[in-house]
>>> print(open('start.cif').read())   # mmCIF, C-alpha atoms
data_target
loop_
_atom_site.label_atom_id
_atom_site.label_comp_id
_atom_site.auth_asym_id
_atom_site.auth_seq_id
_atom_site.Cartn_x
_atom_site.Cartn_y
_atom_site.Cartn_z
CA MET A 14 173.87 112.19 127.96
CA SER A 15 171.99 111.84 124.65
CA ALA A 16 170.98 115.50 124.68
CA GLY A 17 172.42 118.55 126.34
CA SER A 18 173.08 122.28 126.34
CA ILE A 19 176.57 123.52 127.20
CA LEU A 20 177.89 127.07 127.39
CA ILE A 21 181.62 127.77 127.09
CA VAL A 22 182.80 131.24 128.11
CA GLY A 23 186.01 133.18 128.59
CA VAL A 24 187.99 136.03 127.08
CA GLY A 25 189.80 136.46 123.80
CA GLY A 26 192.92 134.36 123.39
CA GLN A 27 191.85 131.54 125.73
CA GLY A 28 190.58 129.14 123.07
CA VAL A 29 186.84 129.25 123.76
CA LEU A 30 185.96 128.69 120.10
CA LEU A 31 188.38 125.78 119.69
CA ALA A 32 186.91 124.13 122.80
CA SER A 33 183.37 124.44 121.41
CA ASP A 34 184.52 123.10 118.03
CA ILE A 35 186.00 120.02 119.72
CA LEU A 36 182.82 119.44 121.73
CA ALA A 37 180.64 119.83 118.63
CA ALA A 38 182.85 117.40 116.68
CA VAL A 39 182.53 114.77 119.42
CA CYS A 40 178.73 115.11 119.40
CA LEU A 41 178.57 114.90 115.59
CA GLY A 42 180.77 111.82 115.66
CA ALA A 43 178.20 110.17 117.95
CA GLY A 44 175.51 110.69 115.30
CA LEU A 45 173.73 113.49 117.14
CA ASP A 46 172.22 116.66 115.75
CA VAL A 47 174.39 119.61 116.84
CA LYS A 48 173.77 123.34 116.77
CA LYS A 49 176.47 125.83 117.75
CA SER A 50 176.41 129.60 118.08
CA GLU A 51 179.22 131.89 119.11
CA VAL A 52 179.80 135.59 119.69
CA HIS A 53 183.28 137.05 119.62
CA GLY A 54 183.05 140.14 117.41
CA MET A 55 185.69 142.67 118.44
CA ALA A 56 186.88 140.62 121.43
CA GLN A 57 190.39 139.86 120.12
CA ARG A 58 192.72 139.45 123.11
CA GLY A 59 191.02 140.05 126.46
CA GLY A 60 187.42 140.74 125.37
CA ILE A 61 184.37 138.59 126.11
CA VAL A 62 183.93 135.40 124.07
CA PHE A 63 181.19 132.80 124.49
CA SER A 64 179.87 129.81 122.57
CA HIS A 65 176.62 127.86 122.88
CA VAL A 66 176.64 124.14 122.00
CA ARG A 67 173.41 122.13 121.94
CA PHE A 68 173.15 118.49 120.91
CA GLY A 69 170.56 115.72 120.81
CA PRO A 70 168.49 113.57 118.44
CA SER A 71 166.96 116.76 117.04
CA VAL A 72 167.99 120.32 117.90
CA HIS A 73 166.02 123.31 116.58
CA SER A 74 167.85 126.26 118.17
CA PRO A 75 171.56 126.85 118.76
CA LEU A 76 171.01 129.13 121.75
CA VAL A 77 171.04 128.02 125.38
CA GLU A 78 168.31 129.81 127.30
CA GLU A 79 168.89 131.31 130.72
CA GLY A 80 168.60 128.65 133.41
CA GLN A 81 168.85 125.79 130.89
CA ALA A 82 172.57 124.98 130.55
CA ASP A 83 173.50 121.48 131.73
CA ALA A 84 177.11 122.62 132.10
CA LEU A 85 178.93 125.94 132.08
CA VAL A 86 182.63 125.80 131.20
CA ALA A 87 184.38 129.05 132.20
CA LEU A 88 188.02 129.79 131.47
CA GLU A 89 188.00 132.93 133.61
CA TRP A 90 186.48 133.73 137.01
CA ALA A 91 184.53 136.90 136.22
CA GLU A 92 183.00 135.25 133.14
CA ALA A 93 181.86 132.34 135.31
CA LEU A 94 180.00 134.78 137.52
CA ARG A 95 178.63 136.70 134.54
CA TRP A 96 177.07 133.56 133.01
CA SER A 97 176.20 131.59 136.17
CA ASN A 98 172.48 132.38 135.82
CA PHE A 99 172.42 130.30 132.62
CA LEU A 100 173.16 127.12 134.59
CA ARG A 101 170.12 124.97 135.34
CA PRO A 102 169.38 123.49 138.79
CA GLY A 103 171.58 120.42 139.14
CA GLY A 104 173.98 121.63 136.45
CA ALA A 105 177.76 121.75 136.81
CA LEU A 106 180.06 124.77 136.60
CA PHE A 107 183.61 123.91 135.50
CA VAL A 108 185.74 126.98 136.16
CA ASP A 109 189.38 127.95 136.22
CA PRO A 110 189.79 130.50 139.06
CA ALA A 111 192.35 132.33 136.91
CA ARG A 112 191.71 136.07 136.64
CA VAL A 113 192.08 138.31 133.61
CA VAL A 114 191.59 141.75 135.14
CA PRO A 115 190.52 144.33 132.51
CA PRO A 116 192.52 147.58 132.53
CA ALA A 117 189.40 149.56 133.46
CA ALA A 118 188.95 147.44 136.61
CA CYS A 119 192.49 147.99 137.87
CA GLY A 120 192.39 150.87 140.31
CA ASP A 121 196.01 150.63 141.49
CA ARG A 122 198.54 148.45 139.68
CA ARG A 123 201.04 148.63 142.55
CA THR A 124 198.75 147.37 145.31
CA TRP A 125 196.51 145.26 143.03
CA ALA A 126 193.45 147.16 144.24
CA SER A 127 190.73 146.54 141.66
CA ARG A 128 187.02 146.31 141.09
CA TYR A 129 187.34 142.71 139.92
CA PRO A 130 184.85 140.26 141.53
CA PRO A 131 186.26 138.56 144.66
CA LEU A 132 187.32 134.93 144.41
CA GLU A 133 184.35 133.57 146.32
CA PRO A 134 182.12 130.71 145.14
CA PRO A 135 178.79 131.95 143.76
CA PRO A 136 175.81 130.95 145.93
CA SER A 137 174.18 127.72 144.75
CA GLY A 138 170.73 128.62 146.03
CA GLY A 139 170.31 125.05 147.30
CA ASP A 140 169.31 123.85 143.83
CA GLY A 141 172.00 121.20 143.44
CA ARG A 142 174.32 123.14 141.13
CA GLN A 143 177.90 121.86 141.37
CA LEU A 144 181.02 124.02 141.45
CA CYS A 145 184.03 122.23 139.97
CA LEU A 146 187.19 124.29 140.48
CA ILE A 147 189.93 123.27 138.07
CA PRO A 148 193.28 125.17 138.10
CA ALA A 149 193.44 124.76 134.35
CA GLN A 150 196.28 127.20 133.66
CA ALA A 151 198.52 125.57 136.27
CA LEU A 152 197.71 122.06 135.01
CA ALA A 153 198.33 123.13 131.42
CA ARG A 154 201.79 124.45 132.30
CA ALA A 155 202.56 121.22 134.15
CA THR A 156 201.75 119.17 131.03
CA GLY A 157 203.97 121.32 128.82
CA ALA A 158 201.02 122.95 127.03
CA ALA A 159 200.78 126.36 128.69
CA ARG A 160 198.03 127.59 126.36
CA ALA A 161 195.84 124.48 126.66
CA ALA A 162 193.75 125.47 129.70
CA ASN A 163 190.69 125.18 127.44
CA VAL A 164 191.48 121.52 126.75
CA ILE A 165 192.11 120.89 130.46
CA LEU A 166 188.54 122.05 131.20
CA LEU A 167 187.19 119.98 128.30
CA GLY A 168 188.85 116.96 129.89
CA ALA A 169 187.07 117.68 133.16
CA LEU A 170 183.77 118.11 131.32
CA SER A 171 184.27 114.90 129.34
CA ALA A 172 184.36 112.84 132.53
CA ARG A 173 180.71 113.88 133.12
CA LEU A 174 179.48 113.08 129.61
CA GLU A 175 178.84 109.70 128.03
CA PHE A 176 181.12 110.07 125.02
CA PRO A 177 184.22 107.82 125.11
CA ALA A 178 187.64 109.37 125.69
CA GLU A 179 188.75 108.08 122.28
CA ALA A 180 186.14 110.28 120.56
CA TRP A 181 187.51 113.39 122.29
CA GLU A 182 191.08 112.46 121.44
CA GLU A 183 190.18 111.96 117.77
CA ALA A 184 188.51 115.38 117.66
CA ILE A 185 191.61 116.96 119.19
CA ARG A 186 193.81 115.31 116.57
CA ARG A 187 191.63 116.69 113.78
CA LEU A 188 191.15 120.23 115.06
CA VAL A 189 194.40 121.13 116.82
CA PRO A 190 197.48 122.11 114.73
CA PRO A 191 199.67 119.00 114.21
CA ALA A 192 202.63 120.36 116.17
CA LEU A 193 200.41 120.85 119.25
CA VAL A 194 198.42 117.61 119.18
CA GLU A 195 200.48 115.59 121.65
CA ALA A 196 200.66 118.43 124.17
CA ASN A 197 196.89 118.93 123.96
CA LEU A 198 196.26 115.22 124.39
CA ARG A 199 198.31 115.32 127.59
CA ALA A 200 196.31 118.34 128.72
CA PHE A 201 193.03 116.55 127.99
CA ALA A 202 194.13 113.51 130.02
CA ALA A 203 195.18 115.74 132.94
CA GLY A 204 191.81 117.50 132.94
CA ARG A 205 189.91 114.23 132.73
CA GLU A 206 191.75 112.90 135.79
CA ALA A 207 191.55 116.13 137.85
CA ASP A 208 189.71 115.97 141.15
CA PRO A 209 187.94 119.33 141.52
CA LEU A 210 186.59 118.56 144.99
CA SER A 211 190.03 118.70 146.58
CA LEU A 212 191.12 121.98 145.02
CA PRO A 213 191.06 125.07 147.27
CA LEU A 214 190.02 128.43 145.94
CA PRO A 215 193.08 130.70 145.76
CA ALA A 216 193.07 133.85 147.84
CA ALA A 217 192.48 137.14 146.09
CA ARG A 218 195.56 139.29 145.73
CA SER A 219 195.23 142.43 147.80
CA ALA A 220 198.48 142.97 149.68
CA PRO A 221 200.90 145.66 148.46
CA LYS A 222 203.70 144.38 146.28
CA GLY A 223 206.42 146.16 148.23
CA ASP A 224 209.80 145.26 146.78
CA ARG A 225 208.54 142.42 144.56
CA ARG A 226 210.12 142.48 141.13
CA PHE A 227 208.92 141.06 137.84
CA ALA A 228 210.68 139.68 134.79
CA VAL A 229 209.28 140.22 131.29
CA THR A 230 210.39 137.69 128.68
CA VAL A 231 209.95 138.33 124.95
CA VAL A 232 210.31 135.54 122.35
CA SER A 233 211.87 137.63 119.58
CA ALA A 234 211.10 135.09 116.86
CA TRP A 235 207.37 135.41 117.57
CA CYS A 236 207.23 139.21 117.77
CA LYS A 237 205.99 140.93 114.61
CA GLY A 238 206.43 144.45 115.92
CA CYS A 239 202.74 145.35 116.10
CA ASP A 240 203.56 147.87 118.88
CA ILE A 241 200.45 147.04 120.97
CA CYS A 242 202.40 146.21 124.11
CA VAL A 243 204.64 149.27 123.78
CA ARG A 244 201.70 151.63 123.46
CA LEU A 245 199.65 150.11 126.29
CA CYS A 246 202.33 149.42 128.92
CA PRO A 247 201.27 151.68 131.83
CA GLU A 248 204.83 151.98 133.15
CA ASP A 249 206.59 152.57 129.80
CA CYS A 250 208.81 149.49 130.18
CA LEU A 251 208.98 148.46 126.51
CA ARG A 252 210.40 149.78 123.23
CA LEU A 253 210.76 148.55 119.66
CA ASP A 254 214.37 148.13 118.57
CA ALA A 255 215.81 148.98 115.15
CA ARG A 256 214.52 145.66 113.77
CA GLY A 257 210.98 146.32 115.00
CA VAL A 258 211.22 143.73 117.81
CA VAL A 259 210.05 144.49 121.34
CA ARG A 260 212.74 144.96 123.98
CA VAL A 261 212.39 145.42 127.74
CA THR A 262 214.14 148.73 128.34
CA ALA A 263 213.04 149.52 131.91
CA PRO A 264 212.45 146.21 133.73
CA GLN A 265 212.64 147.89 137.16
CA ARG A 266 209.38 149.74 136.43
CA CYS A 267 207.28 146.61 135.79
CA THR A 268 204.42 146.18 138.27
CA GLY A 269 203.27 142.77 136.97
CA CYS A 270 199.98 144.03 135.54
CA ARG A 271 200.41 141.63 132.56
CA LEU A 272 198.77 143.93 130.02
CA CYS A 273 201.60 143.19 127.59
CA GLU A 274 201.16 139.43 127.98
CA LEU A 275 197.37 139.51 127.81
CA LEU A 276 197.19 141.75 124.74
CA CYS A 277 200.03 140.30 122.66
CA PRO A 278 198.34 138.68 119.63
CA ASP A 279 201.27 136.30 119.11
CA PHE A 280 201.79 135.03 122.70
CA ALA A 281 205.34 136.38 122.53
CA ILE A 282 205.46 137.90 126.03
CA THR A 283 205.45 136.26 129.45
CA VAL A 284 205.47 138.06 132.81
CA ARG A 285 206.81 136.22 135.87
CA GLU A 286 207.64 137.29 139.38
CA GLU A 287 211.34 136.99 139.98
CA GLY A 288 211.91 133.64 141.61
CA GLY A 289 209.89 131.74 139.00
CA ALA A 290 206.28 132.33 140.01
CA VAL A 291 203.92 133.02 137.14
CA VAL A 292 201.80 136.11 137.69
CA VAL A 293 198.09 135.22 137.61
#
>>> encode(input="start.cif", output="structure tokens")
Amino acid sequence: MSAGSILIVGVGGQGVLLASDILAAVCLGAGLDVKKSEVHGMAQRGGIVFSHVRFGPSVHSPLVEEGQADALVALEWAEALRWSNFLRPGGALFVDPARVVPPAACGDRRTWASRYPPLEPPPSGGDGRQLCLIPAQALARATGAARAANVILLGALSARLEFPAEAWEEAIRRLVPPALVEANLRAFAAGREADPLSLPLPAARSAPKGDRRFAVTVVSAWCKGCDICVRLCPEDCLRLDARGVVRVTAPQRCTGCRLCELLCPDFAITVREEGGAVVV
């Protein structure tokens, strides 16, 4: 593809901007004109983030118009639906069916009743648009790079573009922190080899939790004591200790809503269902 328009969307903390930087670097390395525009503003962790990337022999505007995107890369299900009208007929939607349910959409944290969009494929309208489901978060964890779901989806996208894999790998080496390069290269390779056609759409969670219990893990060395998780935990499970580090003081109250994990600016908290399952 010597010219194209690609939209990358997600929420704060998922690496949307890094993914668009890597894509832009690959296009520049091929000698193409590249324009990139992004909006993140006050998104921080959990808010809407999106980035337009346009490339070709000559590009005059950085913005992808509605109905003109050759590919839409979505790191979160609701954002895929929000931006699906930007995809052109015949375009491809690369989406991780992972859900980041905003607090305002969660009607009942104990039964998981919410106003979040159902996990159902958007209608194609018979215009040839392709839905490529990639369980990016699960693949990222399997490669040892739990936060590299963005690079997993870039790998899947790269298989549809004409740029060589070596160009993507070089961009990753230049733009990713040195300590994370090898893990991100593994994630890129896993995404490039993923077969989206054989991946089922996971069922939406709607059943009551009953006696299910959840474990909250805090990496003390990463916690800076910002107090965000303590203030926003709906069940009052967390406290700061005398050193200003978060401690789980009432684990039995945790309902697995993941607000602490989603809003931690330092990725210091992980919520898992007891038995090892990651809450998604």
>>> atom_distance(input="start.cif", atom1="atom CA of Ile21 of chain A", atom2="atom CA of His65 of chain A")
6.5 Å
>>> residues_around(input="start.cif", residues="segment 30-34 of chain A", least_positions_apart="3", cutoff="7 Å", atoms="all atoms listed in the file", output="ChimeraX atom specification")
/A:21,37-38,64,66,163-164,167
>>> closest_residue(input="start.cif", among="A:Pro247, A:Pro70, A:Pro75, A:Gly204", to="Ile19 of chain A", atoms="all atoms listed in the file")
A:Pro75
>>> resolve_selection(input="start.cif", expression="the PyMOL selection byres ((chain A and resi 231-241) around 9)", output="number ranges by chain")
A: 229-230, 242-246, 252-253, 256-261, 273, 276-283
>>> atom_distance(input="start.cif", atom1="atom CA of Gly168 of chain A", atom2="atom CA of Glu51 of chain A")
20.8 Å
>>> atom_distance(input="start.cif", atom1="atom CA of Val108 of chain A", atom2="atom CA of Leu88 of chain A")
5.9 Å
>>> closest_residue(input="start.cif", among="A:Arg271, A:Lys48, A:Arg101, A:Arg160", to="Ala84 of chain A", atoms="all atoms listed in the file")
A:Arg101
>>> closest_residue(input="start.cif", among="A:Asn197, A:Ser97, A:Gln143, A:Thr262", to="Ala158 of chain A", atoms="all atoms listed in the file")
A:Asn197
>>> residues_around(input="start.cif", residues="Asp208 of chain A", least_positions_apart="6", cutoff="10 Å", atoms="all atoms listed in the file", output="list in words")
Cys145, Leu146, Ile147 and Ala169 of chain A
>>> resolve_selection(input="start.cif", expression="the PyMOL selection byres ((chain A and resi 89) around 7)", output="list in words")
Gly23, Ala87, Leu88, Trp90, Ala91, Glu92, Ala93, Val108, Asp109, Pro110, Ala111, Arg112 and Val113 of chain A
>>> axis_aligned_box(input="start.cif", around="segment 188-207 of chain A", padding_each_side="6 Å", output="AutoDock Vina command-line options")
--center_x 196.3 --center_y 117.5 --center_z 126.0 --size_x 24.7 --size_y 21.2 --size_z 35.6
>>> closest_residue(input="start.cif", among="A:Ala161, A:Gln27, A:Phe176, A:His73", to="Gly44 of chain A", atoms="all atoms listed in the file")
A:Phe176
>>> residues_around(input="start.cif", residues="Ile185 of chain A", least_positions_apart="2", cutoff="8 Å", atoms="all atoms listed in the file", output="tab-separated table (two decimals) with C-alpha atoms, keeping the file's coordinate frame")
chain	number	residue	atom	x	y	z
A	35	ILE	CA	186.00	120.02	119.72
A	181	TRP	CA	187.51	113.39	122.29
A	182	GLU	CA	191.08	112.46	121.44
A	183	GLU	CA	190.18	111.96	117.77
A	187	ARG	CA	191.63	116.69	113.78
A	188	LEU	CA	191.15	120.23	115.06
A	189	VAL	CA	194.40	121.13	116.82
A	194	VAL	CA	198.42	117.61	119.18
A	197	ASN	CA	196.89	118.93	123.96
A	198	LEU	CA	196.26	115.22	124.39
>>> residues_around(input="start.cif", residues="Pro102 of chain A", least_positions_apart="5", cutoff="7 Å", atoms="all atoms listed in the file", output="NGL selection string")
:A and (140-142)
>>> closest_residue(input="start.cif", among="A:Arg285, A:Arg95, A:Arg173, A:Arg154", to="Thr268 of chain A", atoms="all atoms listed in the file")
A:Arg285
